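Participant: Got a structure for you, written out below as structure tokens; questions coming shortly.
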Amino acid sequence: MSVKIDETLTVECETGNYHTFCPISCVSWLYQKIEDSFFLVVGTKTCGYFLQNALGVMIFAEPRYAMAELEEGDISAQLNDYEGLKKLCIRIKKDRDPSVIIWIGTCTTEIIKMDLEGMAPKLEWEIGIPILVARANGLDYAFTQGEDTVLAAMAHRCPEPEFSVRERKETIQNFFISHSRKKEELVEYANHPSLVLFGSLPSNVASQLNLELKRQSIKVSGWLPAQKYTDLPSLGDGVYVCGVNPFLSRTATTLIRREKCQLIEAPFPIGPDGTRAWIEKICPIFGIEPQGLEEREERIWESLKDYLDLVRDKSVFFMGDNLLEVSLARFLIRCGMIVHEIGIPYMDKRYQAAELSLLQDTCMKMRVPIPRIVEKPDNSNQIRRIRE
């Protein structure tokens with residue numbers, strides 16, 4: 001089966017198994033990103049072994065995560081899940097005092113129909129700490145979707161903007177009226193509606209993106225996730241949101257449908273070319289004409305010249321693992337590499353539409369054929385194609 005994006009770009013679909021890590025591995029980077037959080041993974045010993053391998057044994061560190069191991073009695077519904085989780089959460093509150101506890105449900109909790117969503121509100125009221133439930137289990141397509149599930153759950157806890165809908169509309173109208181006057185003034189930011197970015201990035205990378213937008217007089221109102229749970233951004237009608245990672249389609253859907261935000265459809269800021277295209281999609285939304293992006297991109301490519309010489313004309317074959325494949329392929333094609341195939345476990349074609357369009361433009365610019373995109377690839381077929 002194949003789905004036509006347009007005359008030249010085709011996404012094929014095979015029926016292979018998913019070859020990926022378990023999404024509970026998202027804990028390994030999210031607990032570091034959200035500094036006042038605590039992650040409690042609810043699962044079996046197998047989940048604990050995997051988590052220990054994914055995170056490593058940190059003797060001197062005090063990681064803010066733990067494993068709630070389900071015993072045979074839990075799985076056969078002979079023990080009280082609520083009381084067991086309550087004892088753990090009270091101990092976590094006493095020892096660590098986090099601002100939020102995030103329960104990560106595993107495959108086992110799905111199979112035995114463990115009512116985490118029903119228990120969490122009651123326990124939250126009893127112990128006085130917010131408890132979020134994220135079903136980051138192995139039934140997902142890729143391990144990166146663990147983050148997607150956590151951020152979608154977290155979006156429901158973001159506060160609404162303090163001002164009313166009428167005031168929001170007036171703010172947006174006043175922005176477009178006053179922006180032409182502001183151009184001549186030495187102002188740090190333009191007077192524009194709120195912009196929230198979603199996706200977990202290292203702090204230095206997030207700061208760099210904030211700075212790149214600041215160069216265009218655009219202020220980032222907040223990030224989802226924030227470094228502290230208590231600093232979650234305001235979301236609601238009149239707030240614009242933009243993603244920084246290709247695997248966050250569930251979060252994007254939540255922000256649009258449940259939180260009534262306006263999604264800016266843009267490629268993802270992966271590589272100098274992707275970052276430039278990302279900014280170029282954001283600026284016009286706020287009536288701003290981007291300045292100096294072409295020159296900045298060229299300077300960055302020039303600084304990478306030695307690395308580009310190493311990879312130019314070499315080939316790469318993506319077998320499908322993390323939902324970043326299209327963005328990485330586009331970047332490597334721009335670096336001068338030959339991409340034979342882009343295997344991807346799953347792709348939300350609406351959320352990645354701008355990225356697919358940029359892939360086409362990049363192939364035309366580099367004068368190379370558009371590589372075949374294979375969703376849910378069969379590894380045996382892929383190995384045969386690699387040999388060919």
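Residue names in the structure tokens use chain letters A, B, ... in the order shown, residue numbers from 1 in each chain, and ligand numbers from 1 in the order shown.
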Write out as JSON, numbers by chain which residues come within 9 Å of Met347 in chain A when counting only C-alpha atoms, dropping same-chain ones fewer than 5 positions away.
Facilitator: {"A": [246, 247, 249, 323, 352, 375]}
Participant: What parts of range 114-356 of chain A does DSSP call helix (DSSP H, G or I)? I'd like the answer as an MDAnalysis selection string.
Facilitator: chainID A and resid 116:127 145:155 165:182 203:215 229:231 249:257 271:286 293:303 305:311 325:334 353:356
Participant: Pull the strand (DSSP E or B) assignments for range 198-330 of chain A out of DSSP run on the backbone, and list those residues as a ChimeraX atom specification.
Facilitator: /A:198,222-224,240-243,262-263,315-318
Participant: Keeping N, CA, C and O atoms for every residue in the selection just given, could you write it to a file as a short mmCIF file (atom, residue, chain, number, x, y, z; two decimals), in the first residue's frame?
Facilitator:
data_model
loop_
_atom_site.label_atom_id
_atom_site.label_comp_id
_atom_site.auth_asym_id
_atom_site.auth_seq_id
_atom_site.Cartn_x
_atom_site.Cartn_y
_atom_site.Cartn_z
N PHE A 198 7.01 23.34 22.23
CA PHE A 198 6.88 22.07 22.95
C PHE A 198 7.87 21.04 22.41
O PHE A 198 8.13 20.95 21.22
N GLY A 222 7.06 30.43 26.80
CA GLY A 222 7.33 29.28 27.67
C GLY A 222 7.60 28.03 26.86
O GLY A 222 7.44 28.00 25.64
N TRP A 223 8.03 27.00 27.58
CA TRP A 223 8.32 25.70 26.98
C TRP A 223 7.50 24.62 27.67
O TRP A 223 7.24 24.69 28.87
N LEU A 224 7.09 23.62 26.90
CA LEU A 224 6.47 22.42 27.45
C LEU A 224 7.34 21.24 27.05
O LEU A 224 7.42 20.91 25.87
N TYR A 240 -0.20 30.58 20.47
CA TYR A 240 0.40 29.84 19.35
C TYR A 240 1.41 28.84 19.90
O TYR A 240 2.15 29.15 20.85
N VAL A 241 1.43 27.64 19.31
CA VAL A 241 2.38 26.60 19.74
C VAL A 241 3.13 26.08 18.52
O VAL A 241 2.61 26.07 17.41
N CYS A 242 4.37 25.65 18.76
CA CYS A 242 5.19 25.11 17.67
C CYS A 242 6.09 24.01 18.23
O CYS A 242 6.71 24.18 19.28
N GLY A 243 6.17 22.87 17.53
CA GLY A 243 6.95 21.74 17.99
C GLY A 243 8.39 21.80 17.54
O GLY A 243 8.71 22.41 16.51
N GLN A 262 -3.27 27.44 18.71
CA GLN A 262 -3.05 27.54 17.27
C GLN A 262 -1.69 26.91 16.96
O GLN A 262 -0.66 27.41 17.41
N LEU A 263 -1.68 25.81 16.18
CA LEU A 263 -0.43 25.14 15.85
C LEU A 263 0.23 25.79 14.65
O LEU A 263 -0.40 25.99 13.61
N SER A 315 26.92 7.04 1.70
CA SER A 315 25.49 6.70 1.69
C SER A 315 25.01 6.27 3.08
O SER A 315 25.80 5.84 3.92
N VAL A 316 23.70 6.38 3.27
CA VAL A 316 23.08 6.01 4.54
C VAL A 316 21.72 5.39 4.24
O VAL A 316 21.04 5.76 3.28
N PHE A 317 21.35 4.43 5.06
CA PHE A 317 20.07 3.71 4.91
C PHE A 317 19.38 3.69 6.27
O PHE A 317 19.91 3.15 7.23
N PHE A 318 18.22 4.32 6.37
CA PHE A 318 17.49 4.38 7.64
C PHE A 318 16.55 3.18 7.76
O PHE A 318 15.68 3.00 6.91
#
Participant: Need the shell around range 194-196 of chain A: protein/DNA/RNA residues with any atom at most 12 Å away, counting only C-alpha atoms. Skip same-chain ones fewer than 5 positions apart. Format as a CSV table (one decimal) with N, CA, C and O atoms, in the first residue's frame?
Facilitator:
chain,number,residue,atom,x,y,z
A,155,ALA,N,0.1,18.7,29.4
A,155,ALA,CA,-0.6,19.9,28.7
A,155,ALA,C,-1.9,20.2,29.5
A,155,ALA,O,-2.3,21.3,29.5
A,158,CYS,N,-1.4,22.7,32.4
A,158,CYS,CA,-1.0,24.0,32.1
A,158,CYS,C,-2.1,25.0,32.4
A,158,CYS,O,-3.2,24.8,32.1
A,160,GLU,N,-4.5,28.3,32.3
A,160,GLU,CA,-5.1,29.2,31.2
A,160,GLU,C,-4.5,30.6,31.3
A,160,GLU,O,-4.1,31.0,32.4
A,161,PRO,N,-4.4,31.3,30.2
A,161,PRO,CA,-4.0,32.7,30.2
A,161,PRO,C,-4.9,33.5,31.2
A,161,PRO,O,-6.1,33.2,31.2
A,163,PHE,N,-5.8,36.7,31.1
A,163,PHE,CA,-6.7,37.6,30.6
A,163,PHE,C,-7.8,36.9,29.8
A,163,PHE,O,-7.7,35.8,29.3
A,168,ARG,N,-7.7,39.0,24.8
A,168,ARG,CA,-6.7,38.4,23.9
A,168,ARG,C,-6.9,38.9,22.4
A,168,ARG,O,-6.0,39.2,21.8
A,169,LYS,N,-8.2,39.0,22.0
A,169,LYS,CA,-8.5,39.4,20.7
A,169,LYS,C,-8.0,40.9,20.5
A,169,LYS,O,-7.4,41.2,19.5
A,171,THR,N,-5.5,42.2,22.1
A,171,THR,CA,-4.0,42.2,22.1
A,171,THR,C,-3.5,41.9,20.7
A,171,THR,O,-2.6,42.5,20.2
A,172,ILE,N,-4.2,40.8,20.1
A,172,ILE,CA,-3.8,40.4,18.7
A,172,ILE,C,-4.0,41.5,17.7
A,172,ILE,O,-3.2,41.8,16.9
A,175,PHE,N,-1.5,44.3,18.2
A,175,PHE,CA,-0.2,43.9,17.8
A,175,PHE,C,0.0,44.3,16.3
A,175,PHE,O,1.0,44.9,15.9
A,189,TYR,N,11.6,43.1,22.0
A,189,TYR,CA,10.6,42.2,21.4
A,189,TYR,C,9.5,42.9,20.7
A,189,TYR,O,9.1,44.0,21.2
A,210,ASN,N,15.7,30.0,21.7
A,210,ASN,CA,15.2,31.3,22.2
A,210,ASN,C,15.9,32.5,21.7
A,210,ASN,O,15.3,33.5,21.3
A,213,LEU,N,15.1,33.2,18.0
A,213,LEU,CA,13.9,33.9,17.8
A,213,LEU,C,13.9,35.3,18.3
A,213,LEU,O,13.3,36.3,17.8
A,214,LYS,N,14.7,35.6,19.4
A,214,LYS,CA,14.9,36.9,19.9
A,214,LYS,C,15.5,37.8,18.9
A,214,LYS,O,15.2,39.0,18.8
A,218,ILE,N,11.1,38.1,18.4
A,218,ILE,CA,10.0,37.2,18.8
A,218,ILE,C,10.3,36.6,20.2
A,218,ILE,O,11.4,36.1,20.4
A,219,LYS,N,9.4,36.7,21.1
A,219,LYS,CA,9.6,36.3,22.5
A,219,LYS,C,8.9,34.9,22.7
A,219,LYS,O,7.7,34.8,22.4
A,220,VAL,N,9.6,34.0,23.3
A,220,VAL,CA,9.1,32.7,23.6
A,220,VAL,C,8.4,32.8,25.0
A,220,VAL,O,9.1,33.1,26.0
A,221,SER,N,7.1,32.6,25.1
A,221,SER,CA,6.4,32.8,26.4
A,221,SER,C,6.7,31.6,27.3
A,221,SER,O,6.6,31.8,28.6
A,222,GLY,N,7.1,30.4,26.8
A,222,GLY,CA,7.3,29.3,27.7
A,222,GLY,C,7.6,28.0,26.9
A,222,GLY,O,7.4,28.0,25.6
A,223,TRP,N,8.0,27.0,27.6
A,223,TRP,CA,8.3,25.7,27.0
A,223,TRP,C,7.5,24.6,27.7
A,223,TRP,O,7.2,24.7,28.9
A,224,LEU,N,7.1,23.6,26.9
A,224,LEU,CA,6.5,22.4,27.4
A,224,LEU,C,7.3,21.2,27.0
A,224,LEU,O,7.4,20.9,25.9
A,225,PRO,N,8.1,20.6,28.0
A,225,PRO,CA,8.1,20.8,29.4
A,225,PRO,C,9.0,22.0,29.8
A,225,PRO,O,9.9,22.3,29.1
A,226,ALA,N,8.6,22.6,30.9
A,226,ALA,CA,9.5,23.7,31.5
A,226,ALA,C,10.5,23.0,32.4
A,226,ALA,O,10.4,21.8,32.8
A,232,LEU,N,5.1,25.8,34.3
A,232,LEU,CA,4.4,25.4,33.1
A,232,LEU,C,3.8,26.6,32.4
A,232,LEU,O,3.3,27.5,33.1
A,233,PRO,N,3.9,26.7,31.1
A,233,PRO,CA,3.4,27.9,30.4
A,233,PRO,C,1.8,27.9,30.3
A,233,PRO,O,1.2,26.9,30.5
A,234,SER,N,1.3,29.1,30.1
A,234,SER,CA,-0.2,29.2,30.0
A,234,SER,C,-0.6,28.8,28.6
A,234,SER,O,0.1,29.1,27.6
A,235,LEU,N,-1.7,28.0,28.5
A,235,LEU,CA,-2.2,27.5,27.2
A,235,LEU,C,-3.6,27.9,27.1
A,235,LEU,O,-4.4,27.9,28.1
A,236,GLY,N,-4.1,28.1,25.9
A,236,GLY,CA,-5.5,28.3,25.6
A,236,GLY,C,-5.7,29.1,24.3
A,236,GLY,O,-4.8,29.2,23.5
A,237,ASP,N,-7.0,29.5,24.1
A,237,ASP,CA,-7.4,30.2,22.9
A,237,ASP,C,-6.5,31.4,22.7
A,237,ASP,O,-6.3,32.2,23.6
A,238,GLY,N,-5.9,31.6,21.5
A,238,GLY,CA,-5.1,32.8,21.3
A,238,GLY,C,-3.6,32.5,21.5
A,238,GLY,O,-2.8,33.4,21.1
A,239,VAL,N,-3.2,31.4,22.0
A,239,VAL,CA,-1.8,31.0,22.2
A,239,VAL,C,-1.3,30.2,21.0
A,239,VAL,O,-2.0,29.2,20.6
A,240,TYR,N,-0.2,30.6,20.5
A,240,TYR,CA,0.4,29.8,19.4
A,240,TYR,C,1.4,28.8,19.9
A,240,TYR,O,2.2,29.1,20.8
A,241,VAL,N,1.4,27.6,19.3
A,241,VAL,CA,2.4,26.6,19.7
A,241,VAL,C,3.1,26.1,18.5
A,241,VAL,O,2.6,26.1,17.4
A,242,CYS,N,4.4,25.6,18.8
A,242,CYS,CA,5.2,25.1,17.7
A,242,CYS,C,6.1,24.0,18.2
A,242,CYS,O,6.7,24.2,19.3
A,243,GLY,N,6.2,22.9,17.5
A,243,GLY,CA,7.0,21.7,18.0
A,243,GLY,C,8.4,21.8,17.5
A,243,GLY,O,8.7,22.4,16.5
A,244,VAL,N,9.3,21.2,18.3
A,244,VAL,CA,10.7,21.1,18.0
A,244,VAL,C,11.2,19.7,17.7
A,244,VAL,O,12.3,19.5,17.3
A,252,ALA,N,0.7,17.6,20.0
A,252,ALA,CA,0.2,18.6,19.1
A,252,ALA,C,-1.3,18.5,19.0
A,252,ALA,O,-2.0,19.5,19.1
A,255,LEU,N,-2.9,19.8,22.2
A,255,LEU,CA,-2.8,21.3,22.3
A,255,LEU,C,-3.9,21.9,21.4
A,255,LEU,O,-4.4,23.0,21.8
A,261,CYS,N,-5.3,25.7,21.2
A,261,CYS,CA,-4.1,26.5,20.8
A,261,CYS,C,-4.0,26.5,19.3
A,261,CYS,O,-4.7,25.7,18.6
A,262,GLN,N,-3.3,27.4,18.7
A,262,GLN,CA,-3.0,27.5,17.3
A,262,GLN,C,-1.7,26.9,17.0
A,262,GLN,O,-0.7,27.4,17.4
A,263,LEU,N,-1.7,25.8,16.2
A,263,LEU,CA,-0.4,25.1,15.9
A,263,LEU,C,0.2,25.8,14.6
A,263,LEU,O,-0.4,26.0,13.6
A,264,ILE,N,1.5,26.1,14.8
A,264,ILE,CA,2.3,26.6,13.7
A,264,ILE,C,2.9,25.4,13.0
A,264,ILE,O,3.8,24.7,13.6
A,282,ILE,N,7.7,30.6,11.5
A,282,ILE,CA,7.1,31.3,12.7
A,282,ILE,C,6.9,32.8,12.5
A,282,ILE,O,5.9,33.3,12.9
A,283,CYS,N,7.9,33.4,11.9
A,283,CYS,CA,7.9,34.9,11.8
A,283,CYS,C,6.7,35.4,11.1
A,283,CYS,O,6.0,36.4,11.6
A,285,ILE,N,3.7,34.4,10.9
A,285,ILE,CA,2.5,34.3,11.8
A,285,ILE,C,2.3,35.5,12.6
A,285,ILE,O,1.2,35.9,12.9
A,286,PHE,N,3.4,36.2,13.0
A,286,PHE,CA,3.3,37.4,13.8
A,286,PHE,C,3.6,38.6,13.0
A,286,PHE,O,3.9,39.7,13.6
Participant: Just want the 7 Å neighbourhood of range 328-344 of chain A, counted on only C-alpha atoms, with same-chain residues fewer than 3 positions away dropped. Output as an NGL selection string.
Facilitator: :A and (271 or 308 or 311-321 or 323-325 or 347 or 359 or 362 or 366 or 371-377)
Participant: Excluding same-chain residues fewer than 6 positions from range 129-135 of chain A, what lies within 6 Å of it counting only C-alpha atoms, as a tab-separated table (two decimals) with C-alpha atoms, in the first residue's frame?
Facilitator:
chain	number	residue	atom	x	y	z
A	100	VAL	CA	4.94	16.60	40.65
A	101	ILE	CA	4.95	12.78	40.58
A	102	ILE	CA	4.56	11.23	37.14
A	103	TRP	CA	3.30	7.65	36.98
A	104	ILE	CA	4.57	5.81	33.91
A	105	GLY	CA	2.22	2.94	33.06
A	120	ALA	CA	-4.27	9.30	40.69
A	149	THR	CA	2.66	10.73	26.09
A	150	VAL	CA	4.12	12.56	29.10
Participant: Could you tell me which of A:Ser303, A:Ser99, A:Thr230, A:Thr109 comes closest to Ile127 in chain A if we count only C-alpha atoms?
Facilitator: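 For Ile127 in chain A, the nearest of the candidates is A:Ser99.
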Participant: Can you tell me, as a PDB file with C-alpha atoms, in the first residue's frame, what residues are no more than 10 Å from Leu356 in chain A when counting only C-alpha atoms, ignoring any on the same chain fewer than 4 positions away?
Facilitator:
ATOM      1  CA  ILE A   5       1.744  13.065  -0.723  1.00  0.00           C
ATOM      2  CA  LEU A   9       6.819  12.027  -2.900  1.00  0.00           C
ATOM      3  CA  PRO A 267       9.726  21.811   9.737  1.00  0.00           C
ATOM      4  CA  VAL A 326      12.744  12.115   7.822  1.00  0.00           C
ATOM      5  CA  SER A 327      14.358  15.142   9.476  1.00  0.00           C
ATOM      6  CA  ARG A 330      16.755  15.762   4.935  1.00  0.00           C
ATOM      7  CA  LYS A 349       1.662  12.937   7.732  1.00  0.00           C
ATOM      8  CA  ARG A 350      -0.230  16.026   8.899  1.00  0.00           C
ATOM      9  CA  TYR A 351       2.200  16.868  11.705  1.00  0.00           C
ATOM     10  CA  GLN A 352       5.240  16.199   9.485  1.00  0.00           C
ATOM     11  CA  GLN A 360      11.413  17.608  -1.392  1.00  0.00           C
ATOM     12  CA  ASP A 361      12.869  21.106  -1.688  1.00  0.00           C
ATOM     13  CA  THR A 362      16.225  19.903  -0.358  1.00  0.00           C
TER      14      THR A 362
END
